[in-house]
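File shown: upload_18.cif. Contents: mmCIF, C-alpha atoms.
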data_upload
loop_
_atom_site.group_PDB
_atom_site.id
_atom_site.type_symbol
_atom_site.label_atom_id
_atom_site.label_comp_id
_atom_site.auth_asym_id
_atom_site.auth_seq_id
_atom_site.Cartn_x
_atom_site.Cartn_y
_atom_site.Cartn_z
ATOM 1 C CA MET A 1 0.000 0.000 0.000
ATOM 2 C CA LYS A 2 2.856 2.340 0.882
ATOM 3 C CA ASP A 3 4.631 1.654 -2.421
ATOM 4 C CA LEU A 4 1.382 2.126 -4.353
ATOM 5 C CA GLY A 5 0.843 5.505 -2.685
ATOM 6 C CA THR A 6 4.365 6.648 -3.507
ATOM 7 C CA GLU A 7 3.994 5.484 -7.101
ATOM 8 C CA ARG A 8 0.741 7.409 -7.475
ATOM 9 C CA ALA A 9 2.235 10.564 -5.927
ATOM 10 C CA ARG A 10 5.212 10.485 -8.289
ATOM 11 C CA TRP A 11 2.929 9.875 -11.250
ATOM 12 C CA TYR A 12 1.319 13.234 -10.530
ATOM 13 C CA GLY A 13 4.647 14.991 -9.988
ATOM 14 C CA TRP A 14 4.937 14.864 -6.194
ATOM 15 C CA PRO A 15 7.985 13.273 -4.527
ATOM 16 C CA ASN A 16 6.073 11.468 -1.763
ATOM 17 C CA THR A 17 2.615 10.810 -0.322
ATOM 18 C CA TYR A 18 3.044 13.473 2.372
ATOM 19 C CA VAL A 19 3.202 16.437 0.007
ATOM 20 C CA PHE A 20 0.765 14.767 -2.413
ATOM 21 C CA THR A 21 -1.985 14.450 0.211
ATOM 22 C CA LYS A 22 -1.386 18.036 1.380
ATOM 23 C CA ALA A 23 -1.945 19.200 -2.197
ATOM 24 C CA MET A 24 -5.082 17.053 -2.419
ATOM 25 C CA GLY A 25 -6.352 18.682 0.772
ATOM 26 C CA GLU A 26 -5.866 22.165 -0.661
ATOM 27 C CA MET A 27 -7.631 21.162 -3.877
ATOM 28 C CA LEU A 28 -10.577 19.862 -1.868
ATOM 29 C CA LEU A 29 -10.805 23.095 0.109
ATOM 30 C CA ASP A 30 -10.649 25.096 -3.092
ATOM 31 C CA HIS A 31 -13.826 23.383 -4.301
ATOM 32 C CA HIS A 32 -15.643 24.584 -1.165
ATOM 33 C CA GLU A 33 -14.297 28.123 -0.984
ATOM 34 C CA ASP A 34 -17.751 29.615 -1.620
ATOM 35 C CA ASN A 35 -19.144 27.941 1.488
ATOM 36 C CA LEU A 36 -16.175 28.063 3.859
ATOM 37 C CA PRO A 37 -13.912 30.831 5.169
ATOM 38 C CA ILE A 38 -10.485 29.504 4.220
ATOM 39 C CA ILE A 39 -6.989 30.390 5.344
ATOM 40 C CA ILE A 40 -4.153 28.172 4.145
ATOM 41 C CA ILE A 41 -0.883 28.074 6.076
ATOM 42 C CA ARG A 42 2.025 26.531 4.192
ATOM 43 C CA PRO A 43 4.942 25.953 6.552
ATOM 44 C CA THR A 44 8.259 24.736 5.200
ATOM 45 C CA MET A 45 10.436 22.218 7.110
ATOM 46 C CA ILE A 46 9.260 22.403 10.720
ATOM 47 C CA THR A 47 11.903 22.122 13.438
ATOM 48 C CA SER A 48 12.060 22.249 17.241
ATOM 49 C CA THR A 49 10.354 25.112 19.040
ATOM 50 C CA TYR A 50 12.174 28.421 19.221
ATOM 51 C CA LYS A 51 10.732 29.574 22.560
ATOM 52 C CA GLU A 52 7.241 28.209 23.310
ATOM 53 C CA PRO A 53 6.193 26.254 25.306
ATOM 54 C CA PHE A 54 9.945 26.058 25.884
ATOM 55 C CA SER A 55 12.998 26.088 23.643
ATOM 56 C CA GLY A 56 13.903 22.874 21.837
ATOM 57 C CA TRP A 57 10.657 20.949 22.278
ATOM 58 C CA ASN A 58 10.014 18.231 19.716
ATOM 59 C CA GLU A 59 8.359 14.830 19.668
ATOM 60 C CA SER A 60 9.964 13.087 16.704
ATOM 61 C CA LEU A 61 12.750 13.221 14.158
ATOM 62 C CA ARG A 62 11.557 15.385 11.282
ATOM 63 C CA THR A 63 13.001 16.403 7.914
ATOM 64 C CA ILE A 64 16.701 17.133 8.517
ATOM 65 C CA ASP A 65 16.745 15.502 11.968
ATOM 66 C CA GLY A 66 17.159 11.887 10.831
ATOM 67 C CA PRO A 67 20.422 12.482 8.940
ATOM 68 C CA LEU A 68 21.590 14.912 11.639
ATOM 69 C CA ILE A 69 21.245 12.375 14.460
ATOM 70 C CA ALA A 70 22.544 9.498 12.314
ATOM 71 C CA TYR A 71 25.648 11.602 11.659
ATOM 72 C CA GLY A 72 26.105 12.301 15.376
ATOM 73 C CA LYS A 73 25.855 8.557 16.067
ATOM 74 C CA GLY A 74 28.495 7.835 13.428
ATOM 75 C CA LYS A 75 26.035 5.970 11.203
ATOM 76 C CA ILE A 76 26.482 8.115 8.088
ATOM 77 C CA ASP A 77 29.334 10.274 6.852
ATOM 78 C CA CYS A 78 28.281 11.277 3.329
ATOM 79 C CA LEU A 79 25.309 12.784 1.510
ATOM 80 C CA PRO A 80 24.513 13.858 -2.039
ATOM 81 C CA VAL A 81 23.780 17.558 -1.600
ATOM 82 C CA ASN A 82 24.707 20.950 -2.970
ATOM 83 C CA SER A 83 26.495 22.746 -0.132
ATOM 84 C CA GLN A 84 24.746 25.974 -1.164
ATOM 85 C CA THR A 85 21.257 24.479 -1.105
ATOM 86 C CA ILE A 86 18.969 26.529 1.129
ATOM 87 C CA PHE A 87 17.154 24.443 3.719
ATOM 88 C CA ASP A 88 13.901 26.269 4.377
ATOM 89 C CA LEU A 89 13.431 25.742 8.124
ATOM 90 C CA ILE A 90 10.921 27.223 10.554
ATOM 91 C CA PRO A 91 10.464 26.422 14.277
ATOM 92 C CA ALA A 92 7.173 24.788 15.274
ATOM 93 C CA ASP A 93 6.018 27.564 17.616
ATOM 94 C CA MET A 94 6.424 30.151 14.849
ATOM 95 C CA VAL A 95 4.074 28.084 12.681
ATOM 96 C CA VAL A 96 1.491 28.007 15.481
ATOM 97 C CA ASN A 97 1.876 31.761 16.065
ATOM 98 C CA SER A 98 1.346 32.460 12.364
ATOM 99 C CA MET A 99 -1.860 30.401 12.419
ATOM 100 C CA ILE A 100 -3.207 32.341 15.393
ATOM 101 C CA MET A 101 -2.350 35.707 13.865
ATOM 102 C CA ALA A 102 -3.830 34.730 10.486
ATOM 103 C CA MET A 103 -7.119 33.763 12.147
ATOM 104 C CA VAL A 104 -7.226 37.025 14.077
ATOM 105 C CA ALA A 105 -6.472 39.109 10.973
ATOM 106 C CA ASN A 106 -9.117 37.391 8.839
ATOM 107 C CA ALA A 107 -11.834 36.836 11.451
ATOM 108 C CA ASN A 108 -14.028 39.620 10.081
ATOM 109 C CA ASN A 109 -13.379 38.846 6.438
ATOM 110 C CA PRO A 110 -14.744 35.316 5.988
ATOM 111 C CA SER A 111 -15.082 35.588 2.218
ATOM 112 C CA SER A 112 -11.367 36.012 1.581
ATOM 113 C CA GLN A 113 -9.011 33.174 0.795
ATOM 114 C CA LYS A 114 -5.456 33.816 1.886
ATOM 115 C CA ILE A 115 -2.366 31.647 1.515
ATOM 116 C CA TYR A 116 0.515 32.278 3.880
ATOM 117 C CA HIS A 117 3.923 30.739 3.263
ATOM 118 C CA VAL A 118 5.683 30.435 6.612
ATOM 119 C CA GLY A 119 9.391 29.808 6.167
ATOM 120 C CA SER A 120 12.838 31.355 6.244
ATOM 121 C CA SER A 121 14.335 30.934 2.760
ATOM 122 C CA LEU A 122 13.549 34.482 1.626
ATOM 123 C CA ARG A 123 14.256 36.563 4.743
ATOM 124 C CA ASN A 124 16.781 34.503 6.709
ATOM 125 C CA PRO A 125 18.157 31.690 4.522
ATOM 126 C CA ILE A 126 20.401 28.971 5.913
ATOM 127 C CA HIS A 127 22.568 26.865 3.586
ATOM 128 C CA PHE A 128 23.562 23.242 4.017
ATOM 129 C CA SER A 129 27.193 24.321 4.457
ATOM 130 C CA GLN A 130 26.166 26.291 7.572
ATOM 131 C CA ILE A 131 24.154 23.393 9.009
ATOM 132 C CA HIS A 132 27.128 21.129 8.339
ATOM 133 C CA GLU A 133 29.448 23.418 10.324
ATOM 134 C CA PHE A 134 26.996 23.764 13.220
ATOM 135 C CA VAL A 135 26.383 20.021 13.494
ATOM 136 C CA PHE A 136 30.087 19.164 13.203
ATOM 137 C CA HIS A 137 30.922 21.738 15.877
ATOM 138 C CA TYR A 138 28.238 20.441 18.240
ATOM 139 C CA PHE A 139 29.095 16.741 18.022
ATOM 140 C CA THR A 140 32.829 17.462 18.158
ATOM 141 C CA LYS A 141 32.361 19.358 21.407
ATOM 142 C CA ASN A 142 29.552 17.123 22.735
ATOM 143 C CA PRO A 143 30.092 13.640 21.263
ATOM 144 C CA TYR A 144 27.238 11.179 21.323
ATOM 145 C CA ILE A 145 27.818 8.324 23.800
ATOM 146 C CA ASP A 146 27.099 4.917 22.286
ATOM 147 C CA LYS A 147 25.536 1.932 24.062
ATOM 148 C CA TYR A 148 28.957 0.786 25.245
ATOM 149 C CA GLY A 149 29.662 4.110 26.921
ATOM 150 C CA ASN A 150 32.160 5.257 24.283
ATOM 151 C CA PRO A 151 32.132 8.708 22.670
ATOM 152 C CA VAL A 152 31.440 8.695 18.927
ATOM 153 C CA ILE A 153 34.106 10.639 17.057
ATOM 154 C CA VAL A 154 32.714 12.359 13.966
ATOM 155 C CA GLY A 155 34.472 13.798 10.949
ATOM 156 C CA LYS A 156 33.097 16.247 8.427
ATOM 157 C CA PHE A 157 30.485 15.069 5.951
ATOM 158 C CA LYS A 158 31.668 13.892 2.586
ATOM 159 C CA VAL A 159 29.549 16.186 0.405
ATOM 160 C CA LEU A 160 28.872 14.805 -3.077
ATOM 161 C CA ASP A 161 27.569 17.428 -5.470
ATOM 162 C CA SER A 162 25.436 15.201 -7.700
ATOM 163 C CA PRO A 163 23.470 11.940 -7.427
ATOM 164 C CA ALA A 164 25.805 10.336 -9.978
ATOM 165 C CA ASN A 165 28.910 11.171 -7.914
ATOM 166 C CA PHE A 166 27.174 9.869 -4.808
ATOM 167 C CA HIS A 167 26.391 6.486 -6.376
ATOM 168 C CA LYS A 168 29.973 6.179 -7.684
ATOM 169 C CA TYR A 169 31.341 6.987 -4.243
ATOM 170 C CA MET A 170 29.020 4.489 -2.543
ATOM 171 C CA ALA A 171 29.945 1.751 -5.005
ATOM 172 C CA VAL A 172 33.689 2.190 -4.504
ATOM 173 C CA ARG A 173 33.662 3.077 -0.810
ATOM 174 C CA PHE A 174 30.969 0.729 0.517
ATOM 175 C CA VAL A 175 29.219 -1.626 -1.900
ATOM 176 C CA LEU A 176 32.246 -3.334 -3.469
ATOM 177 C CA PRO A 177 34.189 -3.726 -0.193
ATOM 178 C CA LEU A 178 31.054 -5.132 1.430
ATOM 179 C CA LYS A 179 30.617 -7.688 -1.355
ATOM 180 C CA VAL A 180 34.229 -8.809 -0.917
ATOM 181 C CA LEU A 181 33.788 -9.057 2.846
ATOM 182 C CA GLU A 182 30.604 -11.105 2.431
ATOM 183 C CA LEU A 183 32.472 -13.503 0.141
ATOM 184 C CA VAL A 184 35.318 -13.841 2.667
ATOM 185 C CA ASN A 185 32.735 -14.329 5.401
ATOM 186 C CA LEU A 186 31.240 -17.304 3.556
ATOM 187 C CA VAL A 187 34.656 -18.847 3.021
ATOM 188 C CA LEU A 188 35.504 -18.461 6.716
ATOM 189 C CA CYS A 189 32.253 -19.997 7.969
ATOM 190 C CA ARG A 190 30.544 -16.670 8.728
ATOM 191 C CA ARG A 191 33.221 -15.431 11.103
ATOM 192 C CA PHE A 192 32.438 -11.825 10.125
ATOM 193 C CA ASP A 193 28.631 -12.003 10.308
ATOM 194 C CA ASP A 194 28.346 -9.188 12.856
ATOM 195 C CA ILE A 195 30.532 -6.823 10.817
ATOM 196 C CA CYS A 196 28.662 -7.619 7.587
ATOM 197 C CA ASN A 197 25.300 -7.060 9.227
ATOM 198 C CA GLU A 198 26.366 -3.731 10.721
ATOM 199 C CA LEU A 199 27.781 -2.486 7.420
ATOM 200 C CA ASN A 200 24.620 -3.581 5.613
ATOM 201 C CA ARG A 201 22.499 -1.666 8.127
ATOM 202 C CA ARG A 202 24.594 1.471 7.651
ATOM 203 C CA LEU A 203 24.422 1.182 3.873
ATOM 204 C CA LYS A 204 20.640 0.723 3.904
ATOM 205 C CA LEU A 205 20.229 3.667 6.292
ATOM 206 C CA VAL A 206 22.147 5.996 3.990
ATOM 207 C CA MET A 207 20.102 4.876 0.986
ATOM 208 C CA VAL A 208 16.831 5.359 2.884
ATOM 209 C CA PHE A 209 17.822 8.937 3.698
ATOM 210 C CA VAL A 210 18.951 9.599 0.140
ATOM 211 C CA ASN A 211 15.731 8.295 -1.421
ATOM 212 C CA LEU A 212 13.629 10.196 1.110
ATOM 213 C CA TYR A 213 15.388 13.554 0.881
ATOM 214 C CA LYS A 214 16.664 13.498 -2.704
ATOM 215 C CA PRO A 215 14.031 16.020 -3.931
ATOM 216 C CA TYR A 216 15.274 18.575 -1.391
ATOM 217 C CA MET A 217 19.054 18.116 -1.528
ATOM 218 C CA PHE A 218 19.425 20.073 -4.776
ATOM 219 C CA PHE A 219 16.264 22.170 -4.586
ATOM 220 C CA GLN A 220 16.949 25.786 -5.536
ATOM 221 C CA GLY A 221 13.529 27.302 -4.902
ATOM 222 C CA ILE A 222 12.773 30.094 -2.445
ATOM 223 C CA PHE A 223 9.267 30.534 -1.088
ATOM 224 C CA ASP A 224 7.785 34.012 -1.234
ATOM 225 C CA ASP A 225 6.362 34.889 2.179
ATOM 226 C CA THR A 226 5.047 38.318 1.198
ATOM 227 C CA ASN A 227 1.609 37.569 2.660
ATOM 228 C CA SER A 228 3.172 36.551 5.962
ATOM 229 C CA GLU A 229 5.235 39.739 6.029
ATOM 230 C CA LYS A 230 2.086 41.790 5.332
ATOM 231 C CA LEU A 231 0.386 39.935 8.183
ATOM 232 C CA ARG A 232 3.240 40.775 10.565
ATOM 233 C CA ARG A 233 3.077 44.415 9.514
ATOM 234 C CA ALA A 234 -0.709 44.589 9.911
ATOM 235 C CA MET A 235 -0.562 43.023 13.362
ATOM 236 C CA ARG A 236 2.164 45.423 14.407
ATOM 237 C CA GLU A 237 0.220 48.434 13.189
ATOM 238 C CA SER A 238 -2.892 47.271 15.028
ATOM 239 C CA GLY A 239 -0.984 47.322 18.320
ATOM 240 C CA MET A 240 -0.772 43.550 18.657
ATOM 241 C CA GLU A 241 2.027 42.364 20.975
ATOM 242 C CA LEU A 242 4.046 40.387 18.447
ATOM 243 C CA ASP A 243 6.719 39.363 20.944
ATOM 244 C CA SER A 244 4.191 36.907 22.360
ATOM 245 C CA PHE A 245 3.255 35.602 18.901
ATOM 246 C CA ASN A 246 6.553 35.881 17.063
ATOM 247 C CA PHE A 247 6.782 34.226 13.649
ATOM 248 C CA ASP A 248 9.455 36.424 12.088
ATOM 249 C CA PRO A 249 12.295 34.230 10.728
ATOM 250 C CA LYS A 250 14.653 37.222 10.768
ATOM 251 C CA SER A 251 14.698 37.004 14.566
ATOM 252 C CA ILE A 252 16.432 33.596 14.454
ATOM 253 C CA ASP A 253 20.182 33.355 15.008
ATOM 254 C CA TRP A 254 20.740 30.024 13.251
ATOM 255 C CA GLU A 255 24.054 29.222 14.909
ATOM 256 C CA ASP A 256 22.646 29.791 18.391
ATOM 257 C CA TYR A 257 19.480 27.919 17.451
ATOM 258 C CA PHE A 258 21.277 24.792 16.261
ATOM 259 C CA LEU A 259 23.943 24.696 18.972
ATOM 260 C CA ASN A 260 21.826 25.650 21.965
ATOM 261 C CA VAL A 261 18.237 24.819 21.040
ATOM 262 C CA HIS A 262 17.584 22.359 18.227
ATOM 263 C CA ILE A 263 20.267 19.681 18.623
ATOM 264 C CA PRO A 264 20.149 19.647 22.449
ATOM 265 C CA GLY A 265 16.349 19.493 22.235
ATOM 266 C CA LEU A 266 16.439 16.475 19.921
ATOM 267 C CA LEU A 267 18.844 14.642 22.195
ATOM 268 C CA ARG A 268 16.810 15.512 25.290
ATOM 269 C CA HIS A 269 13.279 14.857 24.064
ATOM 270 C CA VAL A 270 13.478 12.508 21.074
ATOM 271 C CA VAL A 271 16.645 10.405 20.908
ATOM 272 C CA LYS A 272 16.604 7.399 23.184
#
Would you mind writing the structure in this file as C-alpha cells?
Amino acid sequence: MKDLGTERARWYGWPNTYVFTKAMGEMLLDHHEDNLPIIIIRPTMITSTYKEPFSGWNESLRTIDGPLIAYGKGKIDCLPVNSQTIFDLIPADMVVNSMIMAMVANANNPSSQKIYHVGSSLRNPIHFSQIHEFVFHYFTKNPYIDKYGNPVIVGKFKVLDSPANFHKYMAVRFVLPLKVLELVNLVLCRRFDDICNELNRRLKLVMVFVNLYKPYMFFQGIFDDTNSEKLRRAMRESGMELDSFNFDPKSIDWEDYFLNVHIPGLLRHVVK
C-alpha cells in the first residue's frame, strides 16, 4: 500500500505521499471556498520550538533531523547535496503563532481566501554548508555516547555534489568492499557475520535517507512569504504584541538555534 501511494504521488509529480496528500487537501478546500472561510498556512520544514512552550521541544525526528542524528551517532558520513542548497526551516512555535495571527487578521473577512507561506528561505536563509558546520561543531564538542559508553568521534560530511557522484562513491567506498567481505565471510564460515550485518544496516540507512530527501538536496527554490510579512506588519500596526506571537524568521540566530536549542532538544526529548 505504501509503495502504491508513492507510485501514485510520483505519477502526478509529487515526490512522496506526504506532500501529495497536502496538495489534495488544498484542492478539496478550493472546491468549497464559496461555502467556507479559508486560510491556508504553508509551513516549510518544521523544526524544534524556538521559545514556546519552551525552547527545543520536539516529539519526533523530522526532515533534517534523521540524517543529523545518524551523523552524530556515526552511522552516516556522506550525503549527495549541494552545499549551497537553502534548507527552508521554521520552528514549530512560529508556525502556530502564524496560524493564530492569520485567524485574528481574517476573522471579520470570511469571504477572503489567503495563503501564507511560513518559512525562512527568503528573509533569513540557511545553507547546508552552515548546518554542516553547526552540526560538526556540536558533536565534536559534545560527542554522542554509544551503548557501550564510548564517545562517537565524527568527521566532516563527505559532500557529493550530484546523485551520480554519490552512487559512484558508494559503489567504490561501501558496496564493493562489502561484497568482498561477504564472500570472505562465507569462506571463513561466517566469522564476520556481525561486521557484515552492521555495514549492511549502515548502507541501507544511507540509501533510505537519500531516497527520502533526494528532492530537497538540490532544490533551488525560495518561497515568497510576502503575505506573511504583510500579516506581521498589519498586526504590528494594530498594536498587537508580536513578541508573544513571534513568527518572524529574521529574529532567528541560526548558529545559536542549532547549537543551543535544536540539537540539544532532539537529544533531550526525542533520541533514546
- Message: Taking 2 positions as the minimum chain separation for residues in the same chain, which residues sit within 12 Å of Leu79 in chain A when counting only C-alpha atoms? Answer as JSON, numbers by chain.
- Response: {"A": [64, 67, 68, 70, 71, 75, 76, 77, 81, 82, 83, 128, 132, 156, 157, 158, 159, 160, 161, 162, 163, 164, 165, 166, 167, 169, 170, 203, 205, 206, 207, 208, 209, 210, 211, 212, 213, 214, 216, 217, 218]}
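CA of Asp88 in chain A is positioned 6.0 Å from CA of Gly119 in chain A.
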- Spatial neighbours of range 47-57 of chain A, 12 Å, only C-alpha atoms, chain gap at least 4 places, as a PyMOL selection string: chain A and resi 43+61-66+87-97+119-120+243-249+251-254+256-270
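Note on the selection: in this file the PyMOL selection byres ((chain A and resi 194-201) around 8) comes out as Leu178, Leu181, Glu182, Phe192, Asp193, Arg202, Leu203, Lys204 and Leu205 of chain A.
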- Applied to this file, what does the PyMOL selection byres ((chain A and resi 33-42) around 9) return in terms of residues, put as number ranges by chain? A: 26, 29-32, 43-44, 95, 98-99, 102-103, 106-107, 109-119
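One finds CA of Asn108 in chain A at 14.5 Å from CA of Leu231 in chain A.
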Generate a file for range 117-222 of chain A, containing C-alpha atoms, as a compact mmCIF listing (two decimals), in the first residue's frame.
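Final output, part-v7.txt:
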# COMPACT_ATOMS: atom_id res chain seq x y z
CA HIS A 117 3.92 30.74 3.26
CA VAL A 118 5.68 30.43 6.61
CA GLY A 119 9.39 29.81 6.17
CA SER A 120 12.84 31.36 6.24
CA SER A 121 14.34 30.93 2.76
CA LEU A 122 13.55 34.48 1.63
CA ARG A 123 14.26 36.56 4.74
CA ASN A 124 16.78 34.50 6.71
CA PRO A 125 18.16 31.69 4.52
CA ILE A 126 20.40 28.97 5.91
CA HIS A 127 22.57 26.87 3.59
CA PHE A 128 23.56 23.24 4.02
CA SER A 129 27.19 24.32 4.46
CA GLN A 130 26.17 26.29 7.57
CA ILE A 131 24.15 23.39 9.01
CA HIS A 132 27.13 21.13 8.34
CA GLU A 133 29.45 23.42 10.32
CA PHE A 134 27.00 23.76 13.22
CA VAL A 135 26.38 20.02 13.49
CA PHE A 136 30.09 19.16 13.20
CA HIS A 137 30.92 21.74 15.88
CA TYR A 138 28.24 20.44 18.24
CA PHE A 139 29.09 16.74 18.02
CA THR A 140 32.83 17.46 18.16
CA LYS A 141 32.36 19.36 21.41
CA ASN A 142 29.55 17.12 22.73
CA PRO A 143 30.09 13.64 21.26
CA TYR A 144 27.24 11.18 21.32
CA ILE A 145 27.82 8.32 23.80
CA ASP A 146 27.10 4.92 22.29
CA LYS A 147 25.54 1.93 24.06
CA TYR A 148 28.96 0.79 25.25
CA GLY A 149 29.66 4.11 26.92
CA ASN A 150 32.16 5.26 24.28
CA PRO A 151 32.13 8.71 22.67
CA VAL A 152 31.44 8.69 18.93
CA ILE A 153 34.11 10.64 17.06
CA VAL A 154 32.71 12.36 13.97
CA GLY A 155 34.47 13.80 10.95
CA LYS A 156 33.10 16.25 8.43
CA PHE A 157 30.49 15.07 5.95
CA LYS A 158 31.67 13.89 2.59
CA VAL A 159 29.55 16.19 0.41
CA LEU A 160 28.87 14.80 -3.08
CA ASP A 161 27.57 17.43 -5.47
CA SER A 162 25.44 15.20 -7.70
CA PRO A 163 23.47 11.94 -7.43
CA ALA A 164 25.81 10.34 -9.98
CA ASN A 165 28.91 11.17 -7.91
CA PHE A 166 27.17 9.87 -4.81
CA HIS A 167 26.39 6.49 -6.38
CA LYS A 168 29.97 6.18 -7.68
CA TYR A 169 31.34 6.99 -4.24
CA MET A 170 29.02 4.49 -2.54
CA ALA A 171 29.95 1.75 -5.01
CA VAL A 172 33.69 2.19 -4.50
CA ARG A 173 33.66 3.08 -0.81
CA PHE A 174 30.97 0.73 0.52
CA VAL A 175 29.22 -1.63 -1.90
CA LEU A 176 32.25 -3.33 -3.47
CA PRO A 177 34.19 -3.73 -0.19
CA LEU A 178 31.05 -5.13 1.43
CA LYS A 179 30.62 -7.69 -1.35
CA VAL A 180 34.23 -8.81 -0.92
CA LEU A 181 33.79 -9.06 2.85
CA GLU A 182 30.60 -11.10 2.43
CA LEU A 183 32.47 -13.50 0.14
CA VAL A 184 35.32 -13.84 2.67
CA ASN A 185 32.73 -14.33 5.40
CA LEU A 186 31.24 -17.30 3.56
CA VAL A 187 34.66 -18.85 3.02
CA LEU A 188 35.50 -18.46 6.72
CA CYS A 189 32.25 -20.00 7.97
CA ARG A 190 30.54 -16.67 8.73
CA ARG A 191 33.22 -15.43 11.10
CA PHE A 192 32.44 -11.83 10.13
CA ASP A 193 28.63 -12.00 10.31
CA ASP A 194 28.35 -9.19 12.86
CA ILE A 195 30.53 -6.82 10.82
CA CYS A 196 28.66 -7.62 7.59
CA ASN A 197 25.30 -7.06 9.23
CA GLU A 198 26.37 -3.73 10.72
CA LEU A 199 27.78 -2.49 7.42
CA ASN A 200 24.62 -3.58 5.61
CA ARG A 201 22.50 -1.67 8.13
CA ARG A 202 24.59 1.47 7.65
CA LEU A 203 24.42 1.18 3.87
CA LYS A 204 20.64 0.72 3.90
CA LEU A 205 20.23 3.67 6.29
CA VAL A 206 22.15 6.00 3.99
CA MET A 207 20.10 4.88 0.99
CA VAL A 208 16.83 5.36 2.88
CA PHE A 209 17.82 8.94 3.70
CA VAL A 210 18.95 9.60 0.14
CA ASN A 211 15.73 8.30 -1.42
CA LEU A 212 13.63 10.20 1.11
CA TYR A 213 15.39 13.55 0.88
CA LYS A 214 16.66 13.50 -2.70
CA PRO A 215 14.03 16.02 -3.93
CA TYR A 216 15.27 18.58 -1.39
CA MET A 217 19.05 18.12 -1.53
CA PHE A 218 19.42 20.07 -4.78
CA PHE A 219 16.26 22.17 -4.59
CA GLN A 220 16.95 25.79 -5.54
CA GLY A 221 13.53 27.30 -4.90
CA ILE A 222 12.77 30.09 -2.45
